[in-house]
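Participant: Sharing entry_20.pdb, PDB, C-alpha atoms and all ligand atoms:
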ATOM      1  CA  MET A   1     100.446  90.864 111.597  1.00  0.00           C
ATOM      2  CA  ALA A   2      99.661  94.427 112.638  1.00  0.00           C
ATOM      3  CA  GLU A   3      97.631  96.638 110.351  1.00  0.00           C
ATOM      4  CA  THR A   4      99.782  98.803 108.090  1.00  0.00           C
ATOM      5  CA  PHE A   5      99.282 101.960 106.083  1.00  0.00           C
ATOM      6  CA  THR A   6      97.280 101.823 102.878  1.00  0.00           C
ATOM      7  CA  ILE A   7      97.092 103.933  99.735  1.00  0.00           C
ATOM      8  CA  THR A   8      94.125 105.816 101.283  1.00  0.00           C
ATOM      9  CA  ASP A   9      96.218 106.694 104.347  1.00  0.00           C
ATOM     10  CA  LEU A  10      98.942 107.928 102.040  1.00  0.00           C
ATOM     11  CA  LYS A  11      96.462 110.198 100.232  1.00  0.00           C
ATOM     12  CA  LEU A  12      95.284 111.676 103.556  1.00  0.00           C
ATOM     13  CA  ARG A  13      98.792 112.248 104.887  1.00  0.00           C
ATOM     14  CA  LEU A  14      99.906 113.916 101.681  1.00  0.00           C
ATOM     15  CA  GLN A  15      96.861 116.176 101.757  1.00  0.00           C
ATOM     16  CA  GLU A  16      97.522 117.123 105.398  1.00  0.00           C
ATOM     17  CA  ARG A  17     101.045 118.219 104.471  1.00  0.00           C
ATOM     18  CA  GLN A  18      99.937 119.910 101.254  1.00  0.00           C
ATOM     19  CA  HIS A  19     101.747 117.393  99.085  1.00  0.00           C
ATOM     20  CA  LYS A  20     100.222 115.945  95.958  1.00  0.00           C
ATOM     21  CA  MET A  21      99.461 112.288  95.457  1.00  0.00           C
ATOM     22  CA  THR A  22     101.459 111.429  92.355  1.00  0.00           C
ATOM     23  CA  PRO A  23     101.186 108.134  90.481  1.00  0.00           C
ATOM     24  CA  GLN A  24     104.889 107.557  91.282  1.00  0.00           C
ATOM     25  CA  ARG A  25     104.382 107.872  95.045  1.00  0.00           C
ATOM     26  CA  GLN A  26     101.361 105.600  94.901  1.00  0.00           C
ATOM     27  CA  THR A  27     103.248 103.024  92.822  1.00  0.00           C
ATOM     28  CA  VAL A  28     106.228 103.034  95.196  1.00  0.00           C
ATOM     29  CA  LEU A  29     103.997 102.454  98.232  1.00  0.00           C
ATOM     30  CA  GLN A  30     102.080  99.750  96.333  1.00  0.00           C
ATOM     31  CA  ILE A  31     105.359  97.828  95.877  1.00  0.00           C
ATOM     32  CA  PHE A  32     105.664  97.636  99.675  1.00  0.00           C
ATOM     33  CA  LEU A  33     102.021  96.619 100.094  1.00  0.00           C
ATOM     34  CA  ASP A  34     102.594  93.853  97.514  1.00  0.00           C
ATOM     35  CA  HIS A  35     105.616  92.557  99.473  1.00  0.00           C
ATOM     36  CA  PRO A  36     104.488  92.459 103.117  1.00  0.00           C
ATOM     37  CA  GLY A  37     107.156  91.745 105.706  1.00  0.00           C
ATOM     38  CA  GLU A  38     109.991  92.545 103.289  1.00  0.00           C
ATOM     39  CA  HIS A  39     112.689  95.143 103.825  1.00  0.00           C
ATOM     40  CA  LEU A  40     113.380  96.808 100.513  1.00  0.00           C
ATOM     41  CA  SER A  41     116.182  99.155  99.463  1.00  0.00           C
ATOM     42  CA  ALA A  42     115.769 101.837  96.798  1.00  0.00           C
ATOM     43  CA  GLU A  43     117.503  99.484  94.355  1.00  0.00           C
ATOM     44  CA  ASP A  44     115.127  96.637  95.289  1.00  0.00           C
ATOM     45  CA  VAL A  45     112.108  98.872  94.697  1.00  0.00           C
ATOM     46  CA  HIS A  46     113.567 100.100  91.414  1.00  0.00           C
ATOM     47  CA  GLY A  47     114.156  96.508  90.281  1.00  0.00           C
ATOM     48  CA  LEU A  48     110.613  95.449  91.183  1.00  0.00           C
ATOM     49  CA  LEU A  49     109.233  98.473  89.323  1.00  0.00           C
ATOM     50  CA  ARG A  50     111.243  97.570  86.250  1.00  0.00           C
ATOM     51  CA  ASP A  51     109.787  94.044  86.387  1.00  0.00           C
ATOM     52  CA  LYS A  52     106.377  95.705  86.220  1.00  0.00           C
ATOM     53  CA  ARG A  53     107.570  97.746  83.221  1.00  0.00           C
ATOM     54  CA  SER A  54     107.358 100.973  85.176  1.00  0.00           C
ATOM     55  CA  GLU A  55     109.296 103.987  83.911  1.00  0.00           C
ATOM     56  CA  ILE A  56     110.040 105.398  87.360  1.00  0.00           C
ATOM     57  CA  GLY A  57     113.742 106.250  87.683  1.00  0.00           C
ATOM     58  CA  LEU A  58     115.988 105.495  90.646  1.00  0.00           C
ATOM     59  CA  ALA A  59     116.226 109.176  91.666  1.00  0.00           C
ATOM     60  CA  THR A  60     112.421 109.402  91.871  1.00  0.00           C
ATOM     61  CA  VAL A  61     112.341 106.184  93.893  1.00  0.00           C
ATOM     62  CA  TYR A  62     114.858 107.704  96.347  1.00  0.00           C
ATOM     63  CA  ARG A  63     112.809 110.906  96.661  1.00  0.00           C
ATOM     64  CA  SER A  64     109.541 109.010  97.131  1.00  0.00           C
ATOM     65  CA  LEU A  65     111.100 106.799  99.828  1.00  0.00           C
ATOM     66  CA  GLU A  66     112.415 109.858 101.678  1.00  0.00           C
ATOM     67  CA  LEU A  67     109.021 111.566 101.542  1.00  0.00           C
ATOM     68  CA  LEU A  68     107.130 108.437 102.614  1.00  0.00           C
ATOM     69  CA  SER A  69     109.508 108.107 105.596  1.00  0.00           C
ATOM     70  CA  GLU A  70     109.044 111.763 106.537  1.00  0.00           C
ATOM     71  CA  LEU A  71     105.288 111.181 106.478  1.00  0.00           C
ATOM     72  CA  GLY A  72     105.738 108.237 108.847  1.00  0.00           C
ATOM     73  CA  ILE A  73     104.307 105.781 106.336  1.00  0.00           C
ATOM     74  CA  LEU A  74     107.575 103.973 105.769  1.00  0.00           C
ATOM     75  CA  GLN A  75     110.192 103.173 108.376  1.00  0.00           C
ATOM     76  CA  LYS A  76     113.830 103.553 107.355  1.00  0.00           C
ATOM     77  CA  ILE A  77     116.147 100.894 108.779  1.00  0.00           C
ATOM     78  CA  GLU A  78     119.895 100.404 108.560  1.00  0.00           C
ATOM     79  CA  PHE A  79     121.025  96.792 108.748  1.00  0.00           C
ATOM     80  CA  GLY A  80     124.715  97.580 108.912  1.00  0.00           C
ATOM     81  CA  ASP A  81     125.565  96.877 105.257  1.00  0.00           C
ATOM     82  CA  GLY A  82     125.594 100.566 104.301  1.00  0.00           C
ATOM     83  CA  CYS A  83     122.310 100.281 102.424  1.00  0.00           C
ATOM     84  CA  SER A  84     119.103 101.843 103.795  1.00  0.00           C
ATOM     85  CA  ARG A  85     116.035  99.658 103.685  1.00  0.00           C
ATOM     86  CA  TYR A  86     112.399 100.492 104.190  1.00  0.00           C
ATOM     87  CA  GLU A  87     109.251  98.799 105.427  1.00  0.00           C
ATOM     88  CA  VAL A  88     105.661  99.945 105.922  1.00  0.00           C
ATOM     89  CA  ASN A  89     104.871 101.280 109.401  1.00  0.00           C
ATOM     90  CA  THR A  90     102.012  99.975 111.480  1.00  0.00           C
ATOM     91  CA  LEU A  91      99.016 102.280 111.844  1.00  0.00           C
ATOM     92  CA  ASP A  92      99.046 102.278 115.640  1.00  0.00           C
ATOM     93  CA  PRO A  93     101.585 104.863 116.850  1.00  0.00           C
ATOM     94  CA  THR A  94     101.592 103.354 120.353  1.00  0.00           C
ATOM     95  CA  GLN A  95     102.692  99.986 119.045  1.00  0.00           C
ATOM     96  CA  HIS A  96     106.423  99.463 119.382  1.00  0.00           C
ATOM     97  CA  HIS A  97     108.530  98.301 116.496  1.00  0.00           C
ATOM     98  CA  HIS A  98     109.202  94.606 115.943  1.00  0.00           C
ATOM     99  CA  HIS A  99     112.774  93.320 116.252  1.00  0.00           C
ATOM    100  CA  HIS A 100     115.039  92.283 113.410  1.00  0.00           C
ATOM    101  CA  LEU A 101     117.212  89.185 113.346  1.00  0.00           C
ATOM    102  CA  ILE A 102     119.972  89.698 110.809  1.00  0.00           C
ATOM    103  CA  CYS A 103     122.034  86.824 109.432  1.00  0.00           C
ATOM    104  CA  THR A 104     125.625  88.001 109.039  1.00  0.00           C
ATOM    105  CA  LYS A 105     126.326  85.258 106.488  1.00  0.00           C
ATOM    106  CA  CYS A 106     123.486  85.412 103.943  1.00  0.00           C
ATOM    107  CA  GLY A 107     122.064  88.829 104.898  1.00  0.00           C
ATOM    108  CA  LYS A 108     118.567  87.510 105.507  1.00  0.00           C
ATOM    109  CA  VAL A 109     116.388  89.626 107.796  1.00  0.00           C
ATOM    110  CA  ILE A 110     113.836  87.842 109.964  1.00  0.00           C
ATOM    111  CA  GLU A 111     111.136  89.716 111.873  1.00  0.00           C
ATOM    112  CA  PHE A 112     110.456  88.945 115.500  1.00  0.00           C
ATOM    113  CA  GLU A 113     107.016  90.305 116.321  1.00  0.00           C
ATOM    114  CA  GLU A 114     106.970  90.179 120.112  1.00  0.00           C
ATOM    115  CA  ASP A 115     108.249  93.244 121.952  1.00  0.00           C
ATOM    116  CA  LEU A 116     109.361  91.545 125.222  1.00  0.00           C
ATOM    117  CA  LEU A 117     111.055  94.756 126.357  1.00  0.00           C
ATOM    118  CA  ASP A 118     108.348  95.900 128.789  1.00  0.00           C
ATOM    119  CA  ASP A 119     110.490  95.134 131.858  1.00  0.00           C
ATOM    120  CA  LEU A 120     113.482  96.950 130.398  1.00  0.00           C
ATOM    121  CA  GLU A 121     111.341  99.916 129.358  1.00  0.00           C
ATOM    122  CA  ARG A 122     109.894 100.129 132.888  1.00  0.00           C
ATOM    123  CA  ASP A 123     113.397  99.875 134.337  1.00  0.00           C
ATOM    124  CA  ILE A 124     114.619 102.703 132.117  1.00  0.00           C
ATOM    125  CA  LYS A 125     111.673 104.847 133.207  1.00  0.00           C
ATOM    126  CA  THR A 126     112.333 104.178 136.892  1.00  0.00           C
ATOM    127  CA  LYS A 127     116.087 104.750 136.725  1.00  0.00           C
ATOM    128  CA  THR A 128     116.284 107.678 134.320  1.00  0.00           C
ATOM    129  CA  GLY A 129     112.753 109.072 134.012  1.00  0.00           C
ATOM    130  CA  PHE A 130     113.033 108.523 130.264  1.00  0.00           C
ATOM    131  CA  SER A 131     109.843 107.345 128.585  1.00  0.00           C
ATOM    132  CA  VAL A 132     110.528 104.862 125.750  1.00  0.00           C
ATOM    133  CA  GLN A 133     108.188 105.487 122.794  1.00  0.00           C
ATOM    134  CA  ASP A 134     109.742 103.060 120.345  1.00  0.00           C
ATOM    135  CA  HIS A 135     112.927 101.187 119.483  1.00  0.00           C
ATOM    136  CA  GLN A 136     114.805  99.548 116.654  1.00  0.00           C
ATOM    137  CA  VAL A 137     116.393  96.373 117.948  1.00  0.00           C
ATOM    138  CA  LYS A 138     118.726  94.338 115.747  1.00  0.00           C
ATOM    139  CA  PHE A 139     120.158  90.948 116.616  1.00  0.00           C
ATOM    140  CA  PHE A 140     123.127  89.809 114.550  1.00  0.00           C
ATOM    141  CA  GLY A 141     123.876  86.116 114.132  1.00  0.00           C
ATOM    142  CA  LEU A 142     123.391  83.088 111.916  1.00  0.00           C
ATOM    143  CA  CYS A 143     120.058  81.927 110.514  1.00  0.00           C
ATOM    144  CA  LYS A 144     118.975  78.285 110.771  1.00  0.00           C
ATOM    145  CA  GLU A 145     119.983  77.514 107.186  1.00  0.00           C
ATOM    146  CA  CYS A 146     123.459  79.042 107.510  1.00  0.00           C
ATOM    147  CA  GLN A 147     124.034  77.151 110.768  1.00  0.00           C
ATOM    148  CA  ALA A 148     123.056  73.892 109.045  1.00  0.00           C
ATOM    149  CA  ALA A 149     125.337  74.709 106.094  1.00  0.00           C
ATOM    150  CA  GLY A 150     128.210  75.350 108.512  1.00  0.00           C
ATOM    151  CA  GLU A 151     127.899  71.882 109.980  1.00  0.00           C
ATOM    152  CA  ASN A 152     128.544  70.132 106.673  1.00  0.00           C
TER     153      ASN A 152
HETATM  154 ZN    ZN B   1     108.733  98.160 123.402  1.00  0.00          ZN
HETATM  155 ZN    ZN B   2     121.796  83.012 106.788  1.00  0.00          ZN
HETATM  156 ZN    ZN B   3     110.862  94.675 109.820  1.00  0.00          ZN
END
Is it possible to express this structure as structure tokens?
Facilitator:
Amino acid sequence: MAETFTITDLKLRLQERQHKMTPQRQTVLQIFLDHPGEHLSAEDVHGLLRDKRSEIGLATVYRSLELLSELGILQKIEFGDGCSRYEVNTLDPTQHHHHHLICTKCGKVIEFEEDLLDDLERDIKTKTGFSVQDHQVKFFGLCKECQAAGEN
């Protein structure tokens, strides 16, 4: 797995933008660091915080998620169910985003790490002059388990 942002990176980014490191912001990011590879909504984060007996309210969670996305630490993703989810960005800005495989039956999101779009990106550059910096690719379908369940 690619290296992701840490609490120290968060401190630096906040300082650069003249924002303060608050315990709430740190706690929200820590939730993501504790759940690598997961795509969490504001409600998910709020639920996990409650499990840890944290007093942080949902509105603060929303604000922290927005700020962390603006700072480029979190990536906001829409999976088509009307609910924004977030994941921690990789540290390397030249590294393109992994792809998401979304099961339309159970809602599971699987990460596909390989880019495999180099040919397409080169093609786009040749034909349009457009230089692809990143992408968010989503594949919709059925996961292994849901396919097996459908056969019964
Ligand atoms: Zn790419
Ligand atoms: Zn499924
Ligand atoms: Zn992901």
Participant: For the file shown, what are the residues hit by the PyMOL selection byres (((not hetatm)) within 10 of (chain B and resi 2)), laid out as a list in words?
Facilitator: Ile102, Cys103, Thr104, Lys105, Cys106, Gly107, Lys108, Val109, Ile110, Gly141, Leu142, Cys143, Lys144, Glu145, Cys146, Gln147, Ala148 and Ala149 of chain A
Participant: Within 12 Å of ligand ZN 3 (chain B), which residues of chain A come that close, and what is the closest atom pair and distance in Å for each? Count all atoms listed in the file and give it as JSON lines.
Facilitator:
{"residue": "A:Met1", "atom": "CA", "partner": "B:ZN3", "partner_atom": "ZN", "distance": 11.2}
{"residue": "A:Ala2", "atom": "CA", "partner": "B:ZN3", "partner_atom": "ZN", "distance": 11.6}
{"residue": "A:Thr4", "atom": "CA", "partner": "B:ZN3", "partner_atom": "ZN", "distance": 11.9}
{"residue": "A:Phe32", "atom": "CA", "partner": "B:ZN3", "partner_atom": "ZN", "distance": 11.8}
{"residue": "A:His35", "atom": "CA", "partner": "B:ZN3", "partner_atom": "ZN", "distance": 11.8}
{"residue": "A:Pro36", "atom": "CA", "partner": "B:ZN3", "partner_atom": "ZN", "distance": 9.5}
{"residue": "A:Gly37", "atom": "CA", "partner": "B:ZN3", "partner_atom": "ZN", "distance": 6.3}
{"residue": "A:Glu38", "atom": "CA", "partner": "B:ZN3", "partner_atom": "ZN", "distance": 6.9}
{"residue": "A:His39", "atom": "CA", "partner": "B:ZN3", "partner_atom": "ZN", "distance": 6.3}
{"residue": "A:Leu40", "atom": "CA", "partner": "B:ZN3", "partner_atom": "ZN", "distance": 9.9}
{"residue": "A:Leu74", "atom": "CA", "partner": "B:ZN3", "partner_atom": "ZN", "distance": 10.7}
{"residue": "A:Gln75", "atom": "CA", "partner": "B:ZN3", "partner_atom": "ZN", "distance": 8.6}
{"residue": "A:Lys76", "atom": "CA", "partner": "B:ZN3", "partner_atom": "ZN", "distance": 9.7}
{"residue": "A:Ile77", "atom": "CA", "partner": "B:ZN3", "partner_atom": "ZN", "distance": 8.2}
{"residue": "A:Glu78", "atom": "CA", "partner": "B:ZN3", "partner_atom": "ZN", "distance": 10.8}
{"residue": "A:Phe79", "atom": "CA", "partner": "B:ZN3", "partner_atom": "ZN", "distance": 10.4}
{"residue": "A:Arg85", "atom": "CA", "partner": "B:ZN3", "partner_atom": "ZN", "distance": 9.4}
{"residue": "A:Tyr86", "atom": "CA", "partner": "B:ZN3", "partner_atom": "ZN", "distance": 8.2}
{"residue": "A:Glu87", "atom": "CA", "partner": "B:ZN3", "partner_atom": "ZN", "distance": 6.2}
{"residue": "A:Val88", "atom": "CA", "partner": "B:ZN3", "partner_atom": "ZN", "distance": 8.4}
{"residue": "A:Asn89", "atom": "CA", "partner": "B:ZN3", "partner_atom": "ZN", "distance": 8.9}
{"residue": "A:Thr90", "atom": "CA", "partner": "B:ZN3", "partner_atom": "ZN", "distance": 10.4}
{"residue": "A:His96", "atom": "CA", "partner": "B:ZN3", "partner_atom": "ZN", "distance": 11.6}
{"residue": "A:His97", "atom": "CA", "partner": "B:ZN3", "partner_atom": "ZN", "distance": 7.9}
{"residue": "A:His98", "atom": "CA", "partner": "B:ZN3", "partner_atom": "ZN", "distance": 6.3}
{"residue": "A:His99", "atom": "CA", "partner": "B:ZN3", "partner_atom": "ZN", "distance": 6.8}
{"residue": "A:His100", "atom": "CA", "partner": "B:ZN3", "partner_atom": "ZN", "distance": 6.0}
{"residue": "A:Leu101", "atom": "CA", "partner": "B:ZN3", "partner_atom": "ZN", "distance": 9.1}
{"residue": "A:Ile102", "atom": "CA", "partner": "B:ZN3", "partner_atom": "ZN", "distance": 10.4}
{"residue": "A:Lys108", "atom": "CA", "partner": "B:ZN3", "partner_atom": "ZN", "distance": 11.4}
{"residue": "A:Val109", "atom": "CA", "partner": "B:ZN3", "partner_atom": "ZN", "distance": 7.8}
{"residue": "A:Ile110", "atom": "CA", "partner": "B:ZN3", "partner_atom": "ZN", "distance": 7.5}
{"residue": "A:Glu111", "atom": "CA", "partner": "B:ZN3", "partner_atom": "ZN", "distance": 5.4}
{"residue": "A:Phe112", "atom": "CA", "partner": "B:ZN3", "partner_atom": "ZN", "distance": 8.1}
{"residue": "A:Glu113", "atom": "CA", "partner": "B:ZN3", "partner_atom": "ZN", "distance": 8.7}
{"residue": "A:Glu114", "atom": "CA", "partner": "B:ZN3", "partner_atom": "ZN", "distance": 11.9}
{"residue": "A:His135", "atom": "CA", "partner": "B:ZN3", "partner_atom": "ZN", "distance": 11.8}
{"residue": "A:Gln136", "atom": "CA", "partner": "B:ZN3", "partner_atom": "ZN", "distance": 9.3}
{"residue": "A:Val137", "atom": "CA", "partner": "B:ZN3", "partner_atom": "ZN", "distance": 10.0}
{"residue": "A:Lys138", "atom": "CA", "partner": "B:ZN3", "partner_atom": "ZN", "distance": 9.9}
Participant: Set up a box along x, y and z of the file covering all listed atoms of segment 40-57 of chain A, add 8 Å on every one of the six sides, and write the centre and edge lengths in Å to one decimal, as JSON.
Facilitator:
{"center_x": 111.9, "center_y": 100.1, "center_z": 91.9, "size_x": 27.1, "size_y": 28.2, "size_z": 33.3}
Participant: At what distance in Å, to one decimal, does atom CA of Gln26 of chain A lie from atom CA of Asp9 of chain A?
Facilitator: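 It comes out at 10.8 Å.
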Participant: Might you spell out which residues the PyMOL selection byres (((chain A and resi 68) around 10) and not hetatm) would select in the displayed file, as a VMD selection string?
Facilitator: chain A and resid 10 13 to 14 25 28 to 29 62 to 67 69 to 76 86 88
Participant: List all protein, DNA and RNA residues that have any atom at most 6 Å from ligand ZN 1 (chain B), counting only C-alpha atoms and all ligand atoms, and write the list as a list of chain:residue names.
Facilitator: A:His96, A:Asp115, A:Leu117, A:Asp118, A:Asp134
Participant: Could you check the closest approach to Asp81 of chain A for each of A:Gly47, A:Ser54, A:Thr94, A:Ser41 and tell me which residue wins, using all atoms listed in the file?
Facilitator: A:Ser41
Participant: What is the distance, in Å and to one decimal place, between atom CA of Val132 of chain A and atom CA of Leu33 of chain A?
Facilitator: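 Distance between the two atoms: 28.3 Å.
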